[in-house]
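Heads up, the thing below is written out as structure tokens.
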Amino acid sequence: MSDRPDISLRARFERFPATVKGAFVVRGEDADPHQIAFMEARVVRVPGGAALDVPISSVTLDVPPHKDVFVPFEFGIGDLASAWYEVEARVEVDGAERTVPGGRRFCVPWPRSAVRSGTIRPDRAVTVAGATVTFERLQSGPEGLTVRFSVRPPGDLTLRVFADGSRLDVVEQSIEEGSGRGIARGYPILR
């Protein structure tokens with residue numbers, strides 16, 4: 001049995017001031033064609049929490065091997081509270097139901113008066129499990145918190161962020177394999 005997935009599903013979109021417009025991109029990842037039935041889509045607060053239904057037509061598609069098929073969507077963000085969100089879809093793949101995250105997140109900004117805004121360049125390094133992590137820049141604002149760092153030698157690392165004695169949720173993190181440069185995004189420091 002292969003560990004390779006049968007399909008992949010990604011959400012590609014643009015966030016505008018009042019709406020998010022985009023499409024789910026479904027790709028057949030193995031040598032077999034698959035039938036995909038989109039049953040519903042929703043926007044989910046990250047991490048966990050409230051969800052908002054995304055208007056999407058129930059549609060059944062045949063997805064050929066190694067080809068992309070697009071299912072468009074659009075929704076308003078006026079009813080969403082300030083937070084980080086992810087788009088996900090509930091689908092049937094060859095008759096088996098599953099919920100698939102879209103893999104990309106977006107932020108509904110906080111009011112400027114609600115967050116501490118600013119940039120800090122700590123240029124500090126710490127050693128964790130044999131790796132040196134250098135923190136280059138921390139920025140907090142209405143779009144959330146951004147932490148830029150590097151890891152030597154490059155490798156996997158999970159950041160935890162604390163401010164004023166409270167833990168801030170980190171919603172996404174990536175580290176470049178070759179350079180070890182990383183970026184993490186999360187919830188901002190509130191006033």
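Ordering of the structure tokens sets the chain letters (A, B, ...), residue numbers begin anew at 1 in every chain, and ligands are numbered from 1 in the order given.
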* DSSP-assigned strand (DSSP E) members of chain A, reported as an MDAnalysis selection string -> chainID A and resid 7:15 19:28 34:46 51:54 59:63 68:76 83:93 96:108 118:120 124:128 131:141 144:152 161:163 166:168 170:175 181:186
Please report, as a Markdown table, each residue of segment 98-185 of chain A lying at most 8 Å from segment 80-94 of chain A, together with the nearest pair of atoms and the separation in Å rounded to one decimal; use only C-alpha atoms, and order rows by chain and ascending residue number.
```
| residue | atom | partner | partner_atom | distance |
| --- | --- | --- | --- | --- |
| A:Arg98 | CA | A:Val91 | CA | 5.6 |
| A:Thr99 | CA | A:Arg90 | CA | 4.3 |
| A:Val100 | CA | A:Ala89 | CA | 5.4 |
| A:Pro101 | CA | A:Glu88 | CA | 4.2 |
| A:Gly102 | CA | A:Glu88 | CA | 5.0 |
| A:Gly103 | CA | A:Glu86 | CA | 7.3 |
| A:Arg104 | CA | A:Glu86 | CA | 6.2 |
| A:Arg105 | CA | A:Glu86 | CA | 4.6 |
| A:Phe106 | CA | A:Tyr85 | CA | 5.4 |
| A:Cys107 | CA | A:Trp84 | CA | 4.4 |
| A:Val108 | CA | A:Ser82 | CA | 4.9 |
| A:Pro109 | CA | A:Ser82 | CA | 5.4 |
| A:Trp110 | CA | A:Ser82 | CA | 5.1 |
| A:Val171 | CA | A:Trp84 | CA | 7.3 |
```
* Nearest to Ala18 of chain A, chosen from A:Ile77, A:Val126, A:Leu159, A:Ala184, with only C-alpha atoms counted in the distances ->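 Ranking A:Ile77, A:Val126, A:Leu159, A:Ala184 by distance to Ala18 of chain A, first place goes to A:Ile77.
Distance check against Leu190 of chain A using only C-alpha atoms: of A:Val43, A:Val115, A:Ile56, A:Val133, the minimum falls on A:Val115.
The space separating atom CA of Val147 of chain A from atom CA of Ala163 of chain A comes to 12.8 Å.
The interatomic distance for the pair atom CA of Ser150 of chain A and atom CA of Phe135 of chain A works out to 6.7 Å.
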* Rounded to one decimal in Å, what is the spacing between atom CA of Phe38 of chain A and atom CA of Ser58 of chain A? ->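 According to the coordinates, atom CA of Phe38 of chain A and atom CA of Ser58 of chain A are separated by 5.4 Å.
Omitting Tyr187 of chain A and its sequence neighbours fewer than 2 positions away, and counting only C-alpha atoms, the residues within 7 Å are Gly144, Leu145, Leu168, Asp169, Val170 and Ile189 of chain A.
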Take the residues from that selection and write them out as a CSV table (one decimal), in the first residue's frame, keeping C-alpha atoms.
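In the end it all went to again.csv:
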```csv
chain,number,residue,atom,x,y,z
A,144,GLY,CA,-1.3,39.7,13.4
A,145,LEU,CA,2.2,38.7,14.6
A,168,LEU,CA,-0.1,33.5,21.5
A,169,ASP,CA,-1.4,31.1,18.9
A,170,VAL,CA,1.0,30.4,16.0
A,189,ILE,CA,-0.3,41.1,21.0
```
Test item: residues at most 7 Å from Val63 of chain A, only C-alpha atoms, excluding those fewer than 2 positions along its chain, as a PDB file with N, CA and C atoms, in the first residue's frame:
```pdb
ATOM      1  N   ARG A  27      -6.383  17.890  -7.580  1.00  0.00           N
ATOM      2  CA  ARG A  27      -5.431  17.230  -8.478  1.00  0.00           C
ATOM      3  C   ARG A  27      -5.395  15.739  -8.185  1.00  0.00           C
ATOM      4  N   GLY A  28      -5.473  14.940  -9.228  1.00  0.00           N
ATOM      5  CA  GLY A  28      -5.285  13.502  -9.086  1.00  0.00           C
ATOM      6  C   GLY A  28      -3.804  13.218  -8.883  1.00  0.00           C
ATOM      7  N   PRO A  33      -7.997   7.604 -12.229  1.00  0.00           N
ATOM      8  CA  PRO A  33      -8.964   8.709 -12.203  1.00  0.00           C
ATOM      9  C   PRO A  33      -9.834   8.580 -10.950  1.00  0.00           C
ATOM     10  N   HIS A  34     -10.333   9.719 -10.459  1.00  0.00           N
ATOM     11  CA  HIS A  34     -11.174   9.711  -9.258  1.00  0.00           C
ATOM     12  C   HIS A  34     -12.413  10.560  -9.490  1.00  0.00           C
ATOM     13  N   GLN A  35     -13.485  10.188  -8.806  1.00  0.00           N
ATOM     14  CA  GLN A  35     -14.701  10.981  -8.832  1.00  0.00           C
ATOM     15  C   GLN A  35     -14.791  11.726  -7.499  1.00  0.00           C
ATOM     16  N   LEU A  61     -17.262  15.800  -9.920  1.00  0.00           N
ATOM     17  CA  LEU A  61     -16.249  15.967 -10.962  1.00  0.00           C
ATOM     18  C   LEU A  61     -15.471  14.679 -11.166  1.00  0.00           C
ATOM     19  N   PRO A  65      -5.819  11.584 -13.760  1.00  0.00           N
ATOM     20  CA  PRO A  65      -4.507  11.517 -13.103  1.00  0.00           C
ATOM     21  C   PRO A  65      -3.624  12.708 -13.485  1.00  0.00           C
ATOM     22  N   LYS A  67      -3.833  15.864 -13.269  1.00  0.00           N
ATOM     23  CA  LYS A  67      -4.444  17.057 -13.870  1.00  0.00           C
ATOM     24  C   LYS A  67      -5.166  17.839 -12.779  1.00  0.00           C
ATOM     25  N   VAL A  69      -8.306  20.313 -11.553  1.00  0.00           N
ATOM     26  CA  VAL A  69      -9.695  20.677 -11.799  1.00  0.00           C
ATOM     27  C   VAL A  69     -10.044  21.765 -10.789  1.00  0.00           C
TER      28      VAL A  69
END
```
* To do: Write out as a list in words each polymer residue whose atoms come within 12 Å of Thr132 of chain A, counting only C-alpha atoms; drop sequence neighbours fewer than 5 positions from it.
  => Arg124, Ala125, Val126, Thr127, Phe149, Ser150, Val151, Arg152, Pro153, Pro154, Gly155, Asp156, Leu157, Gly180 and Arg181 of chain A
* To do: Find the residues around Ser117 of chain A up to 9 Å (only C-alpha atoms counted), leave out those fewer than 3 positions away in its own chain, and share them as a ChimeraX atom specification.
  => /A:112,139-142,188-190
* Pick from A:Glu143, A:Asp30, A:Glu14, A:Asp123 nearest to Phe73 of chain A, counting only C-alpha atoms -> A:Glu14
* Asked: Counting only C-alpha atoms, which of A:Pro111, A:Gly130, A:Gly178, A:Gly76 gets nearest to Val20 of chain A?
  ->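 Smallest separation from Val20 of chain A among the options: A:Gly76.
Omitting Val59 of chain A and its sequence neighbours fewer than 4 positions away, and counting only C-alpha atoms, the residues within 9 Å are A:Ile36, A:Ala37, A:Phe38, A:Met39, A:Val71.
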Written file, previous selection with C-alpha atoms, as a CSV table (one decimal), in the first residue's frame:
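The resulting result-v2.csv:
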```csv
chain,number,residue,atom,x,y,z
A,36,ILE,CA,-14.9,13.9,-6.4
A,37,ALA,CA,-18.3,15.2,-5.1
A,38,PHE,CA,-18.2,18.6,-3.3
A,39,MET,CA,-20.8,18.6,-0.6
A,71,VAL,CA,-14.1,24.6,-8.3
```
* Asked: Of the candidates A:Pro64, A:Val26, A:Glu172, A:Glu177, which one gets nearest to Pro47 of chain A if we count only C-alpha atoms?
  ->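 Ranking A:Pro64, A:Val26, A:Glu172, A:Glu177 by distance to Pro47 of chain A, first place goes to A:Glu172.
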* **Counting only C-alpha atoms, the residue of A:Phe13, A:Phe75, A:Gly182, A:Thr158 that sits nearest Glu136 of chain A** => A:Gly182
